[in-house]
Amino acid sequence: MIVRNLALVLAAGVGLMPCIASAVPASVPNLISHRAVYDLELKDASDRSGIEGMTGRMVYEFTGSSCKGYKTDFRFVTQINTGDAVRMTDQQTTTFEDAVSKKFTFETKSFTDDKLDKEVIGSAADVDGKMKVDLTKPDPREIDLVPGEFPTEHMYQVIENAKLGKRIFESRVFDGSDDGDESLITSTLVGKQQAPKDGDAEASVAGDFAKAPFWPVTIAYYNDKTGTDSLPIYRMSFKLYENGITRDLTMDYGDFVLTGKLAKLDVLKPETCEAPPVR
């Protein structure tokens, strides 16, 4: 899961381990279809942010399979108090990713107080060693980018590196956010796997996975203008289960920080790779 800019809204250093191979791992992680609801709260805000309070809710629905592709439906709603006014932001995003053919489609609508601010629609594909992006909204255009990974493919990398004990690595990720015309450099730090502690109320919300072990993960995002020598434009930390479920989110936008606590988790019917029976 990638969550970034609140206008569309959801690790650091030089000389890190190089990005691992782009291809889907030989052993694809068993990512399960699920719907997760997170309650959002403001953890910290600088005077420069102009934010006195913020609450919200995030709903993340992930479905599909490694052979048929993965669909993500995501909604991020916040109520922001600036002291002078209260406004509501609402980001609605749908993506589809086929990690085998390296194709990705995305559509995002962003609203403020029920008024549409921005709509971004497009697709991306890995063609001849380049990432080709075809935008249809807001302005039709084609863009060539440096090869990178799509969100689910990046999640494969995080889980596989965690299982192998590789604690830090870099990747380039394209998720169609912002204006859908750039990818970001990511630096990922994975902690040692651990079990939930007694009294961890949020873990109990995970149902069948309440006692399952997880990895603490931090991912920092950088753009090409500044590179990894500067502070990240965004940083996200979370607890990651081997099946792709995340909880205990911290989203650091620089001038303010949000937390996201898992409020509800529904495991959805899995999609199989088996062909339907011939009749």
# chains A, B, ... in the order shown; residues from 1 in each chain; ligands from 1
>>> residues_around(residues="Lys102 of chain A", least_positions_apart="2", cutoff="9 Å", atoms="only C-alpha atoms", output="list in words")
Ala23, Glu97, Asp98, Ala99, Val100, Phe104, Ala124, Ala125, Asp126, Val127, Glu149 and Phe150 of chain A
>>> write_last_selection(atoms="all heavy atoms", output="short mmCIF file (atom, residue, chain, number, x, y, z; two decimals), in the first residue's frame")
data_model
loop_
_atom_site.label_atom_id
_atom_site.label_comp_id
_atom_site.auth_asym_id
_atom_site.auth_seq_id
_atom_site.Cartn_x
_atom_site.Cartn_y
_atom_site.Cartn_z
N ALA A 23 11.63 -8.56 -12.04
CA ALA A 23 10.70 -9.64 -12.34
C ALA A 23 9.97 -10.10 -11.09
O ALA A 23 10.44 -9.94 -9.97
CB ALA A 23 11.46 -10.82 -12.94
N GLU A 97 -3.30 -3.82 -11.42
CA GLU A 97 -1.91 -4.13 -11.70
C GLU A 97 -1.75 -5.59 -12.12
O GLU A 97 -2.18 -6.49 -11.39
CB GLU A 97 -1.04 -3.85 -10.48
CG GLU A 97 0.42 -4.20 -10.65
CD GLU A 97 1.24 -3.89 -9.41
OE1 GLU A 97 0.76 -3.16 -8.53
OE2 GLU A 97 2.39 -4.38 -9.35
N ASP A 98 -1.15 -5.78 -13.27
CA ASP A 98 -0.79 -7.12 -13.74
C ASP A 98 0.72 -7.23 -13.65
O ASP A 98 1.45 -6.73 -14.52
CB ASP A 98 -1.27 -7.32 -15.18
CG ASP A 98 -1.07 -8.75 -15.66
OD1 ASP A 98 -0.21 -9.45 -15.09
OD2 ASP A 98 -1.76 -9.17 -16.61
N ALA A 99 1.20 -7.85 -12.59
CA ALA A 99 2.64 -7.91 -12.35
C ALA A 99 3.36 -8.80 -13.36
O ALA A 99 4.54 -8.62 -13.60
CB ALA A 99 2.91 -8.42 -10.93
N VAL A 100 2.65 -9.74 -13.97
CA VAL A 100 3.28 -10.64 -14.94
C VAL A 100 3.56 -9.90 -16.24
O VAL A 100 4.66 -9.96 -16.79
CB VAL A 100 2.39 -11.87 -15.19
CG1 VAL A 100 3.01 -12.75 -16.27
CG2 VAL A 100 2.20 -12.67 -13.91
N PHE A 104 -0.22 -1.46 -15.68
CA PHE A 104 -0.81 -0.81 -14.51
C PHE A 104 -1.76 0.29 -14.99
O PHE A 104 -1.40 1.10 -15.85
CB PHE A 104 0.31 -0.21 -13.66
CG PHE A 104 -0.13 0.48 -12.40
CD1 PHE A 104 -0.61 -0.23 -11.32
CD2 PHE A 104 -0.05 1.87 -12.28
CE1 PHE A 104 -0.99 0.40 -10.14
CE2 PHE A 104 -0.43 2.51 -11.12
CZ PHE A 104 -0.90 1.77 -10.04
N ALA A 124 0.19 2.63 -17.39
CA ALA A 124 1.64 2.53 -17.51
C ALA A 124 2.00 1.09 -17.84
O ALA A 124 1.29 0.16 -17.46
CB ALA A 124 2.32 2.98 -16.23
N ALA A 125 3.10 0.93 -18.54
CA ALA A 125 3.56 -0.41 -18.91
C ALA A 125 5.06 -0.41 -19.06
O ALA A 125 5.68 0.61 -19.40
CB ALA A 125 2.89 -0.87 -20.21
N ASP A 126 5.67 -1.57 -18.84
CA ASP A 126 7.10 -1.76 -19.03
C ASP A 126 7.31 -2.20 -20.47
O ASP A 126 6.95 -3.32 -20.84
CB ASP A 126 7.61 -2.80 -18.04
CG ASP A 126 9.12 -2.94 -18.05
OD1 ASP A 126 9.76 -2.21 -18.83
OD2 ASP A 126 9.66 -3.75 -17.28
N VAL A 127 7.86 -1.32 -21.31
CA VAL A 127 8.03 -1.60 -22.73
C VAL A 127 9.48 -1.33 -23.13
O VAL A 127 9.98 -0.21 -22.98
CB VAL A 127 7.09 -0.73 -23.59
CG1 VAL A 127 7.28 -1.06 -25.07
CG2 VAL A 127 5.64 -0.93 -23.18
N GLU A 149 9.05 -0.22 -10.37
CA GLU A 149 8.08 -1.21 -9.93
C GLU A 149 6.72 -0.55 -9.71
O GLU A 149 6.63 0.63 -9.39
CB GLU A 149 8.52 -1.86 -8.61
CG GLU A 149 10.01 -2.16 -8.50
CD GLU A 149 10.54 -3.01 -9.62
OE1 GLU A 149 9.78 -3.82 -10.16
OE2 GLU A 149 11.72 -2.85 -9.96
N PHE A 150 5.66 -1.35 -9.82
CA PHE A 150 4.33 -0.90 -9.47
C PHE A 150 4.06 -1.30 -8.01
O PHE A 150 4.82 -2.09 -7.44
CB PHE A 150 3.30 -1.50 -10.42
CG PHE A 150 3.50 -1.08 -11.86
CD1 PHE A 150 3.58 -2.02 -12.87
CD2 PHE A 150 3.62 0.27 -12.19
CE1 PHE A 150 3.77 -1.64 -14.19
CE2 PHE A 150 3.81 0.67 -13.50
CZ PHE A 150 3.89 -0.29 -14.51
#
>>> residues_around(residues="Ile219 of chain A", least_positions_apart="6", cutoff="10 Å", atoms="only C-alpha atoms", output="list in words")
Ile2, Ala11, Ala12, Val158, Ile168, Phe169, Glu170, Thr186, Ser187, Thr188, Leu189, Val190, Pro232, Tyr234, Arg235, Met236, Ser237, Phe238 and Met251 of chain A
>>> write_last_selection(atoms="N, CA, C and O atoms", output="PDB file, in the first residue's frame")
ATOM      1  N   ILE A   2       0.533   2.143  -0.937  1.00  0.00           N
ATOM      2  CA  ILE A   2       1.235   3.423  -0.957  1.00  0.00           C
ATOM      3  C   ILE A   2       0.237   4.533  -0.764  1.00  0.00           C
ATOM      4  O   ILE A   2      -0.734   4.636  -1.473  1.00  0.00           O
ATOM      5  N   ALA A  11      12.162   3.978   3.155  1.00  0.00           N
ATOM      6  CA  ALA A  11      12.987   4.507   4.138  1.00  0.00           C
ATOM      7  C   ALA A  11      14.101   5.189   3.431  1.00  0.00           C
ATOM      8  O   ALA A  11      13.923   5.235   2.276  1.00  0.00           O
ATOM      9  N   ALA A  12      16.439   5.955   4.518  1.00  0.00           N
ATOM     10  CA  ALA A  12      16.930   7.105   3.783  1.00  0.00           C
ATOM     11  C   ALA A  12      18.428   7.021   3.718  1.00  0.00           C
ATOM     12  O   ALA A  12      19.083   6.458   4.582  1.00  0.00           O
ATOM     13  N   VAL A 158       9.231  -6.132  -0.709  1.00  0.00           N
ATOM     14  CA  VAL A 158       9.347  -5.902   0.731  1.00  0.00           C
ATOM     15  C   VAL A 158       9.222  -7.219   1.496  1.00  0.00           C
ATOM     16  O   VAL A 158      10.037  -7.541   2.375  1.00  0.00           O
ATOM     17  N   ILE A 168      17.477  -3.570   4.404  1.00  0.00           N
ATOM     18  CA  ILE A 168      17.389  -2.258   3.781  1.00  0.00           C
ATOM     19  C   ILE A 168      17.676  -2.381   2.284  1.00  0.00           C
ATOM     20  O   ILE A 168      18.573  -3.104   1.870  1.00  0.00           O
ATOM     21  N   PHE A 169      16.862  -1.738   1.476  1.00  0.00           N
ATOM     22  CA  PHE A 169      17.056  -1.779   0.032  1.00  0.00           C
ATOM     23  C   PHE A 169      16.340  -0.604  -0.616  1.00  0.00           C
ATOM     24  O   PHE A 169      15.470   0.022  -0.029  1.00  0.00           O
ATOM     25  N   GLU A 170      16.749  -0.319  -1.837  1.00  0.00           N
ATOM     26  CA  GLU A 170      16.154   0.769  -2.603  1.00  0.00           C
ATOM     27  C   GLU A 170      15.394   0.238  -3.799  1.00  0.00           C
ATOM     28  O   GLU A 170      15.737  -0.804  -4.364  1.00  0.00           O
ATOM     29  N   THR A 186      12.470   4.927  -3.607  1.00  0.00           N
ATOM     30  CA  THR A 186      12.087   4.533  -2.253  1.00  0.00           C
ATOM     31  C   THR A 186      13.249   3.851  -1.550  1.00  0.00           C
ATOM     32  O   THR A 186      14.024   3.114  -2.170  1.00  0.00           O
ATOM     33  N   SER A 187      13.354   4.108  -0.271  1.00  0.00           N
ATOM     34  CA  SER A 187      14.318   3.431   0.585  1.00  0.00           C
ATOM     35  C   SER A 187      13.529   2.727   1.677  1.00  0.00           C
ATOM     36  O   SER A 187      12.792   3.368   2.428  1.00  0.00           O
ATOM     37  N   THR A 188      13.650   1.412   1.739  1.00  0.00           N
ATOM     38  CA  THR A 188      12.839   0.602   2.643  1.00  0.00           C
ATOM     39  C   THR A 188      13.704  -0.009   3.737  1.00  0.00           C
ATOM     40  O   THR A 188      14.746  -0.596   3.465  1.00  0.00           O
ATOM     41  N   LEU A 189      13.257   0.133   4.963  1.00  0.00           N
ATOM     42  CA  LEU A 189      13.919  -0.444   6.135  1.00  0.00           C
ATOM     43  C   LEU A 189      12.961  -1.430   6.782  1.00  0.00           C
ATOM     44  O   LEU A 189      11.836  -1.067   7.137  1.00  0.00           O
ATOM     45  N   VAL A 190      13.401  -2.675   6.925  1.00  0.00           N
ATOM     46  CA  VAL A 190      12.569  -3.732   7.501  1.00  0.00           C
ATOM     47  C   VAL A 190      13.187  -4.206   8.809  1.00  0.00           C
ATOM     48  O   VAL A 190      14.346  -4.621   8.850  1.00  0.00           O
ATOM     49  N   PRO A 232      13.281  13.006   2.886  1.00  0.00           N
ATOM     50  CA  PRO A 232      12.250  12.445   2.005  1.00  0.00           C
ATOM     51  C   PRO A 232      11.043  13.381   1.904  1.00  0.00           C
ATOM     52  O   PRO A 232      10.777  14.159   2.814  1.00  0.00           O
ATOM     53  N   TYR A 234       8.129  12.229   1.774  1.00  0.00           N
ATOM     54  CA  TYR A 234       7.074  11.526   2.505  1.00  0.00           C
ATOM     55  C   TYR A 234       7.674  10.266   3.103  1.00  0.00           C
ATOM     56  O   TYR A 234       8.562   9.648   2.518  1.00  0.00           O
ATOM     57  N   ARG A 235       7.202   9.897   4.292  1.00  0.00           N
ATOM     58  CA  ARG A 235       7.685   8.680   4.938  1.00  0.00           C
ATOM     59  C   ARG A 235       6.488   7.951   5.556  1.00  0.00           C
ATOM     60  O   ARG A 235       5.629   8.570   6.177  1.00  0.00           O
ATOM     61  N   MET A 236       6.461   6.653   5.379  1.00  0.00           N
ATOM     62  CA  MET A 236       5.366   5.855   5.928  1.00  0.00           C
ATOM     63  C   MET A 236       5.918   4.665   6.697  1.00  0.00           C
ATOM     64  O   MET A 236       6.812   3.962   6.213  1.00  0.00           O
ATOM     65  N   SER A 237       5.399   4.429   7.900  1.00  0.00           N
ATOM     66  CA  SER A 237       5.782   3.280   8.717  1.00  0.00           C
ATOM     67  C   SER A 237       4.536   2.456   9.019  1.00  0.00           C
ATOM     68  O   SER A 237       3.433   3.004   9.162  1.00  0.00           O
ATOM     69  N   PHE A 238       4.715   1.135   9.119  1.00  0.00           N
ATOM     70  CA  PHE A 238       3.566   0.267   9.387  1.00  0.00           C
ATOM     71  C   PHE A 238       4.041  -1.106   9.819  1.00  0.00           C
ATOM     72  O   PHE A 238       5.231  -1.449   9.670  1.00  0.00           O
ATOM     73  N   MET A 251       2.015   8.177   8.916  1.00  0.00           N
ATOM     74  CA  MET A 251       2.240   8.853   7.637  1.00  0.00           C
ATOM     75  C   MET A 251       2.810  10.237   7.904  1.00  0.00           C
ATOM     76  O   MET A 251       2.118  11.109   8.427  1.00  0.00           O
TER      77      MET A 251
END
>>> closest_residue(among="A:Ile185, A:Val120, A:Ala210, A:Leu240", to="Ala162 of chain A", atoms="only C-alpha atoms")
A:Leu240
>>> select_by_dssp(residues="segment 56-264 of chain A", states="strand (DSSP E or B)", output="PyMOL selection string")
chain A and resi 56-65+69-81+86-98+103-112+115-127+130-137+141-145+149+168-173+184-190+194+214-222+234-240+246-252+256-264
>>> select_by_dssp(residues="segment 124-191 of chain A", states="alpha helix (DSSP H)", output="list of chain:residue names")
A:Pro151, A:Thr152, A:Glu153, A:His154, A:Met155, A:Tyr156, A:Gln157, A:Val158, A:Ile159, A:Glu160, A:Asn161, A:Ala162, A:Lys163, A:Leu164
>>> residues_around(residues="segment 32-47 of chain A", least_positions_apart="3", cutoff="6 Å", atoms="only C-alpha atoms", output="PyMOL selection string")
chain A and resi 50+54-63+243+255-268+270
>>> write_last_selection(atoms="N, CA, C and O atoms", output="short mmCIF file (atom, residue, chain, number, x, y, z; two decimals), in the first residue's frame")
data_model
loop_
_atom_site.label_atom_id
_atom_site.label_comp_id
_atom_site.auth_asym_id
_atom_site.auth_seq_id
_atom_site.Cartn_x
_atom_site.Cartn_y
_atom_site.Cartn_z
N GLY A 50 -0.22 25.05 9.38
CA GLY A 50 -1.50 25.71 9.45
C GLY A 50 -2.63 24.79 9.87
O GLY A 50 -3.82 25.12 9.71
N MET A 54 -6.99 17.30 12.81
CA MET A 54 -7.34 16.51 11.64
C MET A 54 -7.79 15.12 12.09
O MET A 54 -7.14 14.49 12.92
N THR A 55 -8.89 14.66 11.55
CA THR A 55 -9.37 13.30 11.78
C THR A 55 -9.82 12.75 10.43
O THR A 55 -10.03 13.50 9.47
N GLY A 56 -10.00 11.45 10.36
CA GLY A 56 -10.46 10.90 9.10
C GLY A 56 -10.58 9.39 9.13
O GLY A 56 -10.44 8.75 10.17
N ARG A 57 -10.81 8.86 7.97
CA ARG A 57 -10.95 7.40 7.81
C ARG A 57 -10.41 7.01 6.45
O ARG A 57 -10.58 7.72 5.45
N MET A 58 -9.77 5.87 6.42
CA MET A 58 -9.23 5.33 5.18
C MET A 58 -9.75 3.92 4.97
O MET A 58 -9.76 3.11 5.90
N VAL A 59 -10.23 3.63 3.77
CA VAL A 59 -10.72 2.30 3.43
C VAL A 59 -9.88 1.77 2.27
O VAL A 59 -9.76 2.44 1.23
N TYR A 60 -9.32 0.60 2.44
CA TYR A 60 -8.42 0.01 1.45
C TYR A 60 -8.91 -1.39 1.12
O TYR A 60 -8.99 -2.26 2.00
N GLU A 61 -9.29 -1.61 -0.14
CA GLU A 61 -9.77 -2.92 -0.56
C GLU A 61 -8.84 -3.48 -1.63
O GLU A 61 -8.60 -2.85 -2.67
N PHE A 62 -8.34 -4.67 -1.39
CA PHE A 62 -7.35 -5.31 -2.25
C PHE A 62 -7.88 -6.67 -2.67
O PHE A 62 -8.19 -7.51 -1.83
N THR A 63 -8.03 -6.89 -3.98
CA THR A 63 -8.56 -8.16 -4.49
C THR A 63 -7.74 -8.62 -5.70
O THR A 63 -7.05 -7.83 -6.33
N ASN A 243 0.99 -11.83 4.60
CA ASN A 243 -0.08 -11.91 3.60
C ASN A 243 -0.42 -10.55 2.99
O ASN A 243 -1.36 -10.44 2.21
N ASP A 255 5.48 18.48 7.42
CA ASP A 255 4.90 19.50 8.29
C ASP A 255 3.84 18.94 9.23
O ASP A 255 3.46 19.59 10.19
N PHE A 256 3.36 17.75 8.94
CA PHE A 256 2.39 17.12 9.85
C PHE A 256 2.49 15.60 9.72
O PHE A 256 2.98 15.08 8.72
N VAL A 257 2.01 14.90 10.75
CA VAL A 257 2.08 13.45 10.81
C VAL A 257 0.71 12.89 11.19
O VAL A 257 0.07 13.38 12.13
N LEU A 258 0.26 11.89 10.44
CA LEU A 258 -1.00 11.22 10.74
C LEU A 258 -0.74 9.78 11.20
O LEU A 258 0.23 9.15 10.77
N THR A 259 -1.61 9.28 12.06
CA THR A 259 -1.59 7.87 12.42
C THR A 259 -2.86 7.20 11.89
O THR A 259 -3.90 7.85 11.77
N GLY A 260 -2.75 5.93 11.56
CA GLY A 260 -3.89 5.16 11.11
C GLY A 260 -3.97 3.85 11.85
O GLY A 260 -3.08 3.01 11.73
N LYS A 261 -5.02 3.68 12.63
CA LYS A 261 -5.21 2.46 13.41
C LYS A 261 -6.26 1.57 12.75
O LYS A 261 -7.32 2.05 12.35
N LEU A 262 -5.95 0.29 12.65
CA LEU A 262 -6.87 -0.65 12.04
C LEU A 262 -8.15 -0.74 12.87
O LEU A 262 -8.11 -1.13 14.04
N ALA A 263 -9.29 -0.37 12.27
CA ALA A 263 -10.57 -0.38 12.97
C ALA A 263 -11.42 -1.59 12.60
O ALA A 263 -12.22 -2.07 13.40
N LYS A 264 -11.21 -2.10 11.37
CA LYS A 264 -11.99 -3.25 10.92
C LYS A 264 -11.25 -3.95 9.80
O LYS A 264 -10.64 -3.29 8.95
N LEU A 265 -11.30 -5.28 9.80
CA LEU A 265 -10.65 -6.06 8.75
C LEU A 265 -11.59 -7.16 8.29
O LEU A 265 -12.09 -7.94 9.10
N ASP A 266 -11.85 -7.19 7.00
CA ASP A 266 -12.66 -8.25 6.40
C ASP A 266 -11.81 -8.99 5.38
O ASP A 266 -11.27 -8.38 4.45
N VAL A 267 -11.68 -10.31 5.57
CA VAL A 267 -11.00 -11.14 4.58
C VAL A 267 -12.01 -11.51 3.51
O VAL A 267 -13.08 -12.05 3.82
N LEU A 268 -11.70 -11.21 2.25
CA LEU A 268 -12.63 -11.42 1.15
C LEU A 268 -12.37 -12.74 0.45
O LEU A 268 -11.31 -13.36 0.61
N PRO A 270 -11.15 -15.38 -1.90
CA PRO A 270 -9.95 -15.36 -2.75
C PRO A 270 -10.28 -15.71 -4.20
O PRO A 270 -11.25 -16.42 -4.47
#
>>> closest_residue(among="A:Asp229, A:Asp181, A:Asp114, A:Glu202", to="Asp144 of chain A", atoms="only C-alpha atoms")
A:Asp181
>>> residues_around(residues="Ala195 of chain A", least_positions_apart="3", cutoff="7 Å", atoms="only C-alpha atoms", output="list in words")
Lys211, Ala212, Pro213 and Phe214 of chain A
>>> closest_residue(among="A:Glu160, A:Asp179, A:Asp224, A:Glu119", to="Glu242 of chain A", atoms="only C-alpha atoms")
A:Glu160
>>> atom_distance(atom1="atom CA of Ser123 of chain A", atom2="atom CA of Asn30 of chain A")
25.3 Å
>>> residues_around(residues="Thr95 of chain A", least_positions_apart="4", cutoff="8 Å", atoms="only C-alpha atoms", output="ChimeraX atom specification")
/A:71-73,104-107
>>> closest_residue(among="A:Thr136, A:Ser65, A:Thr112, A:Ser101", to="Val86 of chain A", atoms="only C-alpha atoms")
A:Thr112
